[in-house]
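Asks: Below you will find the structure I want to go over with you.
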Amino acid sequence: MGNLPDRRCDLDDLLEDVSGLVSPPEIIIRLRSALDAPGSTASSLAAIVAQDPNLSAQILRLANSAMYGLPQRVETVSRAIAVIGTRALYHLALAVTATHTFSRLPCELVNMAVFWRHSVFTALIAHDLAQRCNVLHPERLFVAGLLHDVGSLVLYGRHPDLLRETMLITRGCEPLLASHEREILGFDHADVGAELLTRWGLPESLRTAIRLHHQPDRALGTGLEATLVHLADMLSNRTEQGCFSEFGPRDEEIPDAIWERLGLDPEDGEDCRANVGWRFMETLTVILPQARY
């Protein structure tokens, strides 16, 4: 594909091609600005969210879901902020709006039901792993897990003829799929997703987590986020509900270095995977209420 500048130009062209379809909604831009403003308050954030009744309802359903396990039901966005915090509210809003936006991308090669099941399952595992590792604001990892493969929707929607055979050859092996993409295009769906989410204002740590979720050796040299998403992705692929491919689950070996980096062991991973199972459908129906699963 040529040298890095040429590849970068191709990637920019690809993103420019879909910019009108996947630009961040105004409400996310306003929430981000309000969150960063020195005088930001819970009530100012709640007022922004309240302007979108559908978003408000979905956030409240997430806040009241088994993801949080709150002892009392939260009835208002203001109360949700008081209980889960302003950054958690922002990340839940980001998860809901981004999923709605990216689900509109036309992509004939990707089974959208399978895609979003995998995304939500990975998000829940990433959130649980982050909590076990005492990561600040674990909802960030929920967002990273949820959006880790969105670059696939762009890549396979815009280059179906070029990449159709790659999907068949790799038979659901994600690292191999990414490797083939890099050979053909000079970048992979993780690169596309990371650059796409730069435009949504995601912090560098989460963009790196998405960019490196198929490259654990490189991920080990960054913050914990990339390693957490990589591990969540692999654990999700071991399940019927959360596997990436229609070819079924894959039980690929997880390197010892991954567990050591996070201070966890395989038993922790199995616990997370089991804990996600009973929360999965509830979360999926909140995130994508109109979808067919």
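Ordering of the structure tokens sets the chain letters (A, B, ...); residue numbers start at 1 within each chain; ligands are numbered from 1 in the order shown.
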With stretch 170-181 of chain A as the partner and 12 Å as the cut-off, tabulate the residues of stretch 109-145 of chain A that qualify, each row holding the nearest pair of atoms and their distance in Å to one decimal, using only C-alpha atoms, sorted by chain and rising number, as a tab-separated table.
Replies:
residue	atom	partner	partner_atom	distance
A:Val110	CA	A:Gly172	CA	11.4
A:Val114	CA	A:Gly172	CA	11.4
A:Phe115	CA	A:Gly172	CA	11.5
A:His118	CA	A:Gly172	CA	11.8
Asks: Give me the stretch 229-286 of chain A side of the contact with stretch 201-215 of chain A, cut-off 12 Å, one line per residue showing its nearest atom pair and distance in Å at one decimal, counting only C-alpha atoms, sorted by chain and residue number, as CSV.
Replies:
residue,atom,partner,partner_atom,distance
A:Val229,CA,A:His213,CA,5.9
A:His230,CA,A:His213,CA,4.4
A:Leu231,CA,A:His213,CA,8.2
A:Ala232,CA,A:His213,CA,9.3
A:Asp233,CA,A:His213,CA,7.7
A:Met234,CA,A:His214,CA,9.4
A:Ile254,CA,A:His214,CA,11.9
A:Pro255,CA,A:Gln215,CA,11.7
A:Ile258,CA,A:Gln215,CA,11.4
Asks: Please report as a Markdown table every residue of stretch 88-185 of chain A lying within 10 Å of stretch 37-52 of chain A, along with the nearest atom pair and their distance in Å (one decimal), using only C-alpha atoms.
Replies:
| residue | atom | partner | partner_atom | distance |
| --- | --- | --- | --- | --- |
| A:Leu89 | CA | A:Leu45 | CA | 8.6 |
| A:Tyr90 | CA | A:Leu45 | CA | 8.5 |
| A:Ala93 | CA | A:Val49 | CA | 8.2 |
Asks: For the selection just defined, write its residues with all heavy atoms to a file, as a PDB file, in the first residue's frame.
Replies:
ATOM      1  N   LEU A  89     -22.596   9.644  33.603  1.00  0.00           N
ATOM      2  CA  LEU A  89     -23.736  10.056  32.782  1.00  0.00           C
ATOM      3  C   LEU A  89     -23.285  10.374  31.363  1.00  0.00           C
ATOM      4  O   LEU A  89     -23.928   9.953  30.384  1.00  0.00           O
ATOM      5  CB  LEU A  89     -24.418  11.275  33.379  1.00  0.00           C
ATOM      6  CG  LEU A  89     -25.571  11.794  32.511  1.00  0.00           C
ATOM      7  CD1 LEU A  89     -26.899  11.248  32.989  1.00  0.00           C
ATOM      8  CD2 LEU A  89     -25.619  13.317  32.474  1.00  0.00           C
ATOM      9  N   TYR A  90     -22.186  11.105  31.238  1.00  0.00           N
ATOM     10  CA  TYR A  90     -21.674  11.440  29.914  1.00  0.00           C
ATOM     11  C   TYR A  90     -21.334  10.175  29.120  1.00  0.00           C
ATOM     12  O   TYR A  90     -21.684  10.053  27.944  1.00  0.00           O
ATOM     13  CB  TYR A  90     -20.440  12.333  30.021  1.00  0.00           C
ATOM     14  CG  TYR A  90     -19.704  12.468  28.707  1.00  0.00           C
ATOM     15  CD1 TYR A  90     -20.207  13.271  27.689  1.00  0.00           C
ATOM     16  CD2 TYR A  90     -18.518  11.780  28.483  1.00  0.00           C
ATOM     17  CE1 TYR A  90     -19.553  13.375  26.475  1.00  0.00           C
ATOM     18  CE2 TYR A  90     -17.851  11.881  27.277  1.00  0.00           C
ATOM     19  CZ  TYR A  90     -18.372  12.681  26.281  1.00  0.00           C
ATOM     20  OH  TYR A  90     -17.721  12.768  25.059  1.00  0.00           O
ATOM     21  N   ALA A  93     -24.446   8.446  27.957  1.00  0.00           N
ATOM     22  CA  ALA A  93     -25.023   9.193  26.830  1.00  0.00           C
ATOM     23  C   ALA A  93     -24.221   8.941  25.561  1.00  0.00           C
ATOM     24  O   ALA A  93     -24.786   8.771  24.462  1.00  0.00           O
ATOM     25  CB  ALA A  93     -25.063  10.684  27.152  1.00  0.00           C
TER      26      ALA A  93
END
Asks: Could you name the residues that touch stretch 58-64 of chain A at 9 Å or less, counting only C-alpha atoms, but leaving out those on the same chain fewer than 2 positions away, as a list in words?
Replies: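 Selected residues are Pro53, Asn54, Leu55, Ser56, Ala66, Met67, Tyr68, Gly69, Leu70, Gln72, Arg73, Val74, Glu75, Thr76, Val77, Ala80, Val83, Ile84, Leu89, Leu92, Ala93, Val96, Glu282, Thr283, Val286, Ile287 and Pro289 of chain A.
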Asks: In stretch 22-240 of chain A, what's alpha helix (DSSP H) per DSSP? Answer as a VMD selection string?
Replies: chain A and resid 22 26 to 36 42 to 50 53 to 63 77 to 84 86 to 102 112 to 132 139 to 147 150 to 158 160 to 170 174 to 185 189 to 198 204 to 211 216 to 219 224 to 236
Asks: Which residues are close to stretch 22-30 of chain A, i.e. within 7 Å by only C-alpha atoms, leaving aside same-chain residues fewer than 5 positions away? Reply as an mmCIF file with C-alpha atoms, in the first residue's frame.
Replies:
data_model
loop_
_atom_site.group_PDB
_atom_site.id
_atom_site.type_symbol
_atom_site.label_atom_id
_atom_site.label_comp_id
_atom_site.auth_asym_id
_atom_site.auth_seq_id
_atom_site.Cartn_x
_atom_site.Cartn_y
_atom_site.Cartn_z
ATOM 1 C CA LEU A 94 -22.040 8.650 24.549
ATOM 2 C CA THR A 101 -25.434 6.694 14.965
ATOM 3 C CA PHE A 102 -23.188 3.828 13.858
ATOM 4 C CA TRP A 200 -16.144 12.245 18.719
#
Asks: Using only C-alpha atoms, which of the listed residues (A:Glu225, A:Asp36, A:Glu252, A:Glu246) sits closest to A:Val143?
Replies: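 Closest to A:Val143 of all the choices is A:Glu225.
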Asks: Please, what distance in Å, to one decimal, runs between atom CA of A:Phe280 and atom CA of A:Ile125?
Replies: 9.9 Å
Asks: To one decimal place, how far is atom CA of A:Ala113 from atom CA of A:Cys243 in Å?
Replies: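 Distance between the two atoms: 11.2 Å.
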Asks: If we count only C-alpha atoms, what is near stretch 150-158 of chain A at a cut-off of 7 Å, once residues fewer than 5 positions away on the same chain are taken out, given as an mmCIF file with N, CA, C and O atoms, in the first residue's frame?
Replies:
data_model
loop_
_atom_site.group_PDB
_atom_site.id
_atom_site.type_symbol
_atom_site.label_atom_id
_atom_site.label_comp_id
_atom_site.auth_asym_id
_atom_site.auth_seq_id
_atom_site.Cartn_x
_atom_site.Cartn_y
_atom_site.Cartn_z
ATOM 1 N N LEU A 105 -25.145 2.910 9.672
ATOM 2 C CA LEU A 105 -24.213 2.721 8.560
ATOM 3 C C LEU A 105 -24.620 1.499 7.735
ATOM 4 O O LEU A 105 -24.798 0.412 8.275
ATOM 5 N N PRO A 106 -24.752 1.656 6.417
ATOM 6 C CA PRO A 106 -25.070 0.497 5.578
ATOM 7 C C PRO A 106 -23.843 -0.397 5.409
ATOM 8 O O PRO A 106 -22.767 0.076 5.059
ATOM 9 N N CYS A 107 -24.013 -1.685 5.685
ATOM 10 C CA CYS A 107 -22.870 -2.606 5.585
ATOM 11 C C CYS A 107 -23.380 -4.011 5.277
ATOM 12 O O CYS A 107 -23.809 -4.731 6.174
ATOM 13 N N GLU A 108 -23.317 -4.382 4.021
ATOM 14 C CA GLU A 108 -23.890 -5.653 3.594
ATOM 15 C C GLU A 108 -23.086 -6.868 4.056
ATOM 16 O O GLU A 108 -23.636 -7.973 4.157
ATOM 17 N N LEU A 109 -21.801 -6.715 4.349
ATOM 18 C CA LEU A 109 -20.974 -7.857 4.710
ATOM 19 C C LEU A 109 -21.086 -8.237 6.188
ATOM 20 O O LEU A 109 -20.730 -9.355 6.570
ATOM 21 N N LEU A 163 -12.911 -6.754 0.405
ATOM 22 C CA LEU A 163 -12.703 -7.454 1.677
ATOM 23 C C LEU A 163 -13.617 -8.659 1.890
ATOM 24 O O LEU A 163 -13.499 -9.345 2.906
ATOM 25 N N HIS A 189 -9.433 -2.305 10.722
ATOM 26 C CA HIS A 189 -10.671 -1.707 11.240
ATOM 27 C C HIS A 189 -10.453 -1.026 12.585
ATOM 28 O O HIS A 189 -11.161 -0.084 12.927
ATOM 29 N N ALA A 190 -9.455 -1.495 13.357
ATOM 30 C CA ALA A 190 -9.158 -0.849 14.638
ATOM 31 C C ALA A 190 -8.588 0.549 14.421
ATOM 32 O O ALA A 190 -8.915 1.491 15.158
ATOM 33 N N VAL A 192 -9.252 2.418 11.826
ATOM 34 C CA VAL A 192 -10.384 3.230 11.349
ATOM 35 C C VAL A 192 -11.238 3.681 12.529
ATOM 36 O O VAL A 192 -11.610 4.853 12.643
ATOM 37 N N GLY A 193 -11.547 2.731 13.424
ATOM 38 C CA GLY A 193 -12.368 3.082 14.578
ATOM 39 C C GLY A 193 -11.727 4.126 15.468
ATOM 40 O O GLY A 193 -12.395 5.059 15.926
#
Asks: Go ahead and compute the interatomic distance for atom CA of A:Phe142 and atom CA of A:Leu124, in Å to one decimal.
Replies: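 Pair atom CA of A:Phe142 / atom CA of A:Leu124 returns 6.0 Å.
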Asks: Would you mind telling me which residue in A:Leu197, A:Ala257, A:Leu146, A:Leu220 lies nearest to A:Leu284 when using only C-alpha atoms?
Replies: A:Leu146
Asks: Can you list, as a list in words, every protein, DNA or RNA residue that comes within 10 Å of A:Met281 when you count only C-alpha atoms, leaving out same-chain residues fewer than 6 positions away?
Replies: Arg117, Val120, Phe121, Gln241, Ile287 and Tyr293 of chain A
Asks: Go ahead and write the selection's residues with N, CA, C and O atoms as a PDB file, in the first residue's frame.
Replies:
ATOM      1  N   ARG A 117     -24.342  -7.676  19.245  1.00  0.00           N
ATOM      2  CA  ARG A 117     -24.279  -8.596  20.391  1.00  0.00           C
ATOM      3  C   ARG A 117     -22.844  -8.698  20.894  1.00  0.00           C
ATOM      4  O   ARG A 117     -22.584  -8.635  22.096  1.00  0.00           O
ATOM      5  N   VAL A 120     -21.811  -5.300  22.663  1.00  0.00           N
ATOM      6  CA  VAL A 120     -22.381  -5.111  24.002  1.00  0.00           C
ATOM      7  C   VAL A 120     -21.775  -6.097  24.990  1.00  0.00           C
ATOM      8  O   VAL A 120     -21.466  -5.736  26.135  1.00  0.00           O
ATOM      9  N   PHE A 121     -21.584  -7.344  24.579  1.00  0.00           N
ATOM     10  CA  PHE A 121     -20.990  -8.340  25.481  1.00  0.00           C
ATOM     11  C   PHE A 121     -19.570  -7.918  25.868  1.00  0.00           C
ATOM     12  O   PHE A 121     -19.181  -7.991  27.039  1.00  0.00           O
ATOM     13  N   GLN A 241     -23.259 -16.135  22.944  1.00  0.00           N
ATOM     14  CA  GLN A 241     -23.975 -14.862  22.867  1.00  0.00           C
ATOM     15  C   GLN A 241     -23.109 -13.734  22.326  1.00  0.00           C
ATOM     16  O   GLN A 241     -23.593 -12.865  21.607  1.00  0.00           O
ATOM     17  N   ILE A 287     -29.605  -0.437  24.906  1.00  0.00           N
ATOM     18  CA  ILE A 287     -28.717   0.240  23.976  1.00  0.00           C
ATOM     19  C   ILE A 287     -29.330   0.318  22.572  1.00  0.00           C
ATOM     20  O   ILE A 287     -29.239   1.345  21.876  1.00  0.00           O
ATOM     21  N   TYR A 293     -32.470  -8.964  17.300  1.00  0.00           N
ATOM     22  CA  TYR A 293     -31.305  -9.701  17.781  1.00  0.00           C
ATOM     23  C   TYR A 293     -31.330 -11.150  17.349  1.00  0.00           C
ATOM     24  O   TYR A 293     -30.455 -11.901  17.677  1.00  0.00           O
TER      25      TYR A 293
END
